[in-house]
Amino acid sequence: MQRSKIKDIFSRSQAGGEVLVQGWVKTRRSSKSVTFIQITDGSTLQDLQVVVDESNPSHEQAASLTTGCSVSVAGVLVDSPGQGQKFEVQATSLEVLGGSDPETYPLQKKRHSPEFLREIAHLRPRTNTFGAMARIRNSMAYAIHSFFQDRGFQFIQTPIITASDAEGAGSMFRVTTLDLNDLPKNGNAVNDEEDFFGKPAFLTVSGQLEAEIFAMALSDVYTFGPTFRAENSNTSRHLAEFWMVEPEIAFCQLDGLAELAEDFLKHICGHVLEHCQTDMEFFNKWHNDTTLATLEGIANSRFERITYTEAVKLLESSGEKFEFPVSWGTDLQSEHERYLTEKKIQKPVIVTDYPKDIKAFYMRMNDDGETVGAMDVLVPRIGEIIGGSQREERRDVLEARMTESGISHDDYSWYLDLRSYGTVPHSGFGLGFERTVQFVTGVSNIRDVVPFPRTPKSAEF
RNA sequence: UCCCCGAUAGCUCAGCGGUAGAGCGAGCGGCUGUUAACCGCUAGGUCGUAGGUUCGAAUCCUACUCGGGGAGCCA
């Protein structure tokens, strides 16, 4: 008989017929005459109840099952007389595939703290929370690809190892094959020529600059892959290794980019609401009872658009007491972003046109000579979820900004070339995948929305 | 990296100068359909690590390690 996934069993319109189900025991409840086993196979949050009667030759074995055992059960799918489930399986045969010593198995049939589960990251996918998280993460990754594919974007694979070391997005991890206990020296300095690539190499902090290369040939492109930041950031919103989505669009200006960012977030939220209903209801019930309403709000509301200058005025006239004072020319603090998106406007806000001195060299200079065509999308709870800009396409202006920022024209001659040969207005943004999963699920710590979190002083598994 | 808080049984926590406690989990027994079942009994701890104060330290002090909340950097 062919194995049925539990998700498919529950999507049947009626009971009846033989089924073969295989999975892991969540809990078991036994009385003298009957044993109930809840099993999960990860296809859905819902457990399947298997009933083993006293008359069944496997009853003794069934009654000794413990949490974590793997089983293969054949039986008849029947309507469940009990509360709590539509169908159940009346077992005809039961085979234990793998035991699970209850004295040492760390998962119990009760709630565990996220901190404890992180220590057993090889077993936490078996929990309700982490299983639901993995399914939603999967569904969101699918939604990201389908959004861009439907719009004719090309998926570009940018390098993970890079020799560019000044992309302006934070400290980088060095990649080397040199013997750290016996470094080749050139005088007092390390001789990088002896390293694998003949020069220093690093893990990428962003695929943006390389994506721009392809946007200047294929028009609309995106990257979706791992990025690395060696910042000593210890917060619930930062990882040293995380995934980022970076579209880059030729012939597109800042307002078009804002439209795309809004459509993109709405598509992801809509997709999750449509395809992950059971898992989302679980998060809404156990983790954050506002997350479903927030997602529906996003899917159905128009994002607010304000300039940085307007945001500063709103904050100054708010009457709110902030720890950090607001003044034109300094970056918005977390508390300012939260005030705007949670209190003042109460939905996602796209803030544009920031002062040039607090933004990266590649962002396009506005006509006022003071601000650049930058764009941040702020959402409740998380703050900045998307950061992007129109790129500076004028070679002379870009060169001046690079000089100002102390960036080598020689190292980035290829980037400048794009402005010499058929330059066009273009724009792009970056979206932190894990922050988006955090936002969607309402899970408070970013370490719990990624299978194996990498943070300062922690790289287990 | 900075500020605040924490670390005691497998898990979640109480105890806060005088010989270590609970709930859950686990083990054993019971229970004719249960819903993270229920009832009874049992076992389980060098109180994060290293120093110090004291007649006596889980409890007070110092340092370190790890974790949480917030901040900075950012996605």
# chains A, B, ... in the order shown; residues from 1 in each chain; ligands from 1
call {"tool": "residues_around", "arguments": {"residues": "stretch 11-14 of chain B", "least_positions_apart": "4", "cutoff": "9 Å", "atoms": "only C-alpha atoms (C1' of nucleotides)", "output": "PDB file with N, CA, C and O atoms (P, O5', C5', C4', C3', O3' and C1' of nucleotides), in the first residue's frame"}}
result
ATOM      1  N   PRO A 106      14.656  14.494  24.942  1.00  0.00           N
ATOM      2  CA  PRO A 106      14.438  15.791  25.604  1.00  0.00           C
ATOM      3  C   PRO A 106      13.079  16.428  25.373  1.00  0.00           C
ATOM      4  O   PRO A 106      12.658  17.267  26.156  1.00  0.00           O
ATOM      5  N   LEU A 107      12.391  16.035  24.295  1.00  0.00           N
ATOM      6  CA  LEU A 107      11.094  16.667  24.040  1.00  0.00           C
ATOM      7  C   LEU A 107      10.013  15.994  24.867  1.00  0.00           C
ATOM      8  O   LEU A 107       9.868  14.776  24.839  1.00  0.00           O
ATOM      9  N   GLN A 108       9.261  16.784  25.616  1.00  0.00           N
ATOM     10  CA  GLN A 108       8.182  16.249  26.440  1.00  0.00           C
ATOM     11  C   GLN A 108       6.860  16.716  25.858  1.00  0.00           C
ATOM     12  O   GLN A 108       6.824  17.628  25.058  1.00  0.00           O
ATOM     13  N   LYS A 110       4.743  18.766  26.500  1.00  0.00           N
ATOM     14  CA  LYS A 110       4.361  20.029  27.119  1.00  0.00           C
ATOM     15  C   LYS A 110       5.159  21.114  26.434  1.00  0.00           C
ATOM     16  O   LYS A 110       6.027  20.830  25.611  1.00  0.00           O
ATOM     17  N   ARG A 111       4.868  22.339  26.742  1.00  0.00           N
ATOM     18  CA  ARG A 111       5.574  23.460  26.092  1.00  0.00           C
ATOM     19  C   ARG A 111       6.995  23.569  26.619  1.00  0.00           C
ATOM     20  O   ARG A 111       7.271  23.356  27.788  1.00  0.00           O
ATOM     21  N   HIS A 112       7.900  23.897  25.713  1.00  0.00           N
ATOM     22  CA  HIS A 112       9.283  24.159  26.099  1.00  0.00           C
ATOM     23  C   HIS A 112       9.616  25.605  25.774  1.00  0.00           C
ATOM     24  O   HIS A 112       9.030  26.201  24.874  1.00  0.00           O
ATOM     25  N   SER A 113      10.594  26.139  26.493  1.00  0.00           N
ATOM     26  CA  SER A 113      11.012  27.512  26.200  1.00  0.00           C
ATOM     27  C   SER A 113      11.807  27.528  24.896  1.00  0.00           C
ATOM     28  O   SER A 113      12.499  26.566  24.576  1.00  0.00           O
ATOM     29  N   PHE A 116      15.517  26.758  25.412  1.00  0.00           N
ATOM     30  CA  PHE A 116      15.859  25.342  25.562  1.00  0.00           C
ATOM     31  C   PHE A 116      15.838  24.637  24.207  1.00  0.00           C
ATOM     32  O   PHE A 116      16.744  23.874  23.879  1.00  0.00           O
TER      33      PHE A 116
ATOM     34  P     G B  21      13.793  19.784  51.492  1.00  0.00           P
ATOM     35  O5'   G B  21      12.471  20.284  50.785  1.00  0.00           O
ATOM     36  C5'   G B  21      12.015  19.755  49.585  1.00  0.00           C
ATOM     37  C4'   G B  21      11.050  20.757  49.023  1.00  0.00           C
ATOM     38  C3'   G B  21      10.328  20.293  47.776  1.00  0.00           C
ATOM     39  O3'   G B  21       9.204  19.500  48.096  1.00  0.00           O
ATOM     40  C1'   G B  21      11.178  22.455  47.441  1.00  0.00           C
ATOM     41  P     A B  22       8.587  18.528  47.023  1.00  0.00           P
ATOM     42  O5'   A B  22       7.705  19.510  46.133  1.00  0.00           O
ATOM     43  C5'   A B  22       6.609  20.211  46.718  1.00  0.00           C
ATOM     44  C4'   A B  22       5.998  21.142  45.708  1.00  0.00           C
ATOM     45  C3'   A B  22       5.582  20.490  44.400  1.00  0.00           C
ATOM     46  O3'   A B  22       4.301  19.898  44.512  1.00  0.00           O
ATOM     47  C1'   A B  22       6.795  22.456  43.939  1.00  0.00           C
ATOM     48  P     G B  23       3.883  18.692  43.571  1.00  0.00           P
ATOM     49  O5'   G B  23       3.662  19.404  42.171  1.00  0.00           O
ATOM     50  C5'   G B  23       2.528  20.248  41.938  1.00  0.00           C
ATOM     51  C4'   G B  23       2.652  20.892  40.577  1.00  0.00           C
ATOM     52  C3'   G B  23       2.854  19.912  39.419  1.00  0.00           C
ATOM     53  O3'   G B  23       1.626  19.376  38.957  1.00  0.00           O
ATOM     54  C1'   G B  23       4.443  21.641  39.269  1.00  0.00           C
ATOM     55  P     C B  24       1.600  17.878  38.399  1.00  0.00           P
ATOM     56  O5'   C B  24       2.416  17.960  37.040  1.00  0.00           O
ATOM     57  C5'   C B  24       1.854  18.621  35.892  1.00  0.00           C
ATOM     58  C4'   C B  24       2.926  18.860  34.858  1.00  0.00           C
ATOM     59  C3'   C B  24       3.600  17.620  34.282  1.00  0.00           C
ATOM     60  O3'   C B  24       2.829  16.994  33.280  1.00  0.00           O
ATOM     61  C1'   C B  24       5.246  19.211  34.828  1.00  0.00           C
ATOM     62  P     G B  25       2.874  15.400  33.110  1.00  0.00           P
ATOM     63  O5'   G B  25       4.379  15.126  32.649  1.00  0.00           O
ATOM     64  C5'   G B  25       4.811  15.463  31.333  1.00  0.00           C
ATOM     65  C4'   G B  25       6.293  15.189  31.205  1.00  0.00           C
ATOM     66  C3'   G B  25       6.713  13.745  31.466  1.00  0.00           C
ATOM     67  O3'   G B  25       6.559  12.952  30.302  1.00  0.00           O
ATOM     68  C1'   G B  25       8.124  15.196  32.676  1.00  0.00           C
TER      69        G B  25
END
call {"tool": "select_by_dssp", "arguments": {"residues": "stretch 104-246 of chain A", "states": "strand (DSSP E)", "output": "PyMOL selection string"}}
result
chain A and resi 154-155+161-162+174-175+185-186+189-190+201-203+220-228+241-246
call {"tool": "closest_residue", "arguments": {"among": "B:G6, B:G27, B:G45, B:G51", "to": "chain A", "atoms": "only C-alpha atoms (C1' of nucleotides)"}}
result
B:G27
call {"tool": "closest_residue", "arguments": {"among": "A:Tyr421, A:Phe324, A:Tyr339, A:Phe10", "to": "B:A71", "atoms": "only C-alpha atoms (C1' of nucleotides)"}}
result
A:Phe324
call {"tool": "select_by_dssp", "arguments": {"residues": "stretch 250-339 of chain A", "states": "helix (DSSP H, G or I)", "output": "MDAnalysis selection string"}}
result
chainID A and resid 254:275 277:286 291:300 308:316 334:339
call {"tool": "interface_residues", "arguments": {"of": "chain B", "to": "chain A", "cutoff": "7 Å", "atoms": "only C-alpha atoms (C1' of nucleotides)", "output": "PyMOL selection string"}}
result
chain B and resi 10-11+25-26+31-37+75
call {"tool": "closest_residue", "arguments": {"among": "B:C28, B:A58, B:C3, B:C73", "to": "B:G15", "atoms": "only C-alpha atoms (C1' of nucleotides)"}}
result
B:A58
call {"tool": "atom_distance", "arguments": {"atom1": "atom CA of A:Glu281", "atom2": "atom CA of A:Ala293"}}
result
10.8 Å
call {"tool": "residues_around", "arguments": {"residues": "A:Ser318", "least_positions_apart": "5", "cutoff": "10 Å", "atoms": "only C-alpha atoms (C1' of nucleotides)", "output": "VMD selection string"}}
result
chain A and resid 312 to 313 339 to 340 344
call {"tool": "closest_residue", "arguments": {"among": "B:A50, B:C74, B:C66, B:C55", "to": "B:G18", "atoms": "only C-alpha atoms (C1' of nucleotides)"}}
result
B:C55
call {"tool": "residues_around", "arguments": {"residues": "B:U54", "least_positions_apart": "4", "cutoff": "12 Å", "atoms": "only C-alpha atoms (C1' of nucleotides)", "output": "number ranges by chain"}}
result
B: 17, 60-61
call {"tool": "write_last_selection", "arguments": {"atoms": "C-alpha atoms (C1' of nucleotides)", "output": "PDB file, in the first residue's frame"}}
result
ATOM      1  C1'   G B  17      22.779  33.599  55.593  1.00  0.00           C
ATOM      2  C1'   C B  60      26.304  38.355  50.427  1.00  0.00           C
ATOM      3  C1'   C B  61      30.773  40.340  47.277  1.00  0.00           C
TER       4        C B  61
END
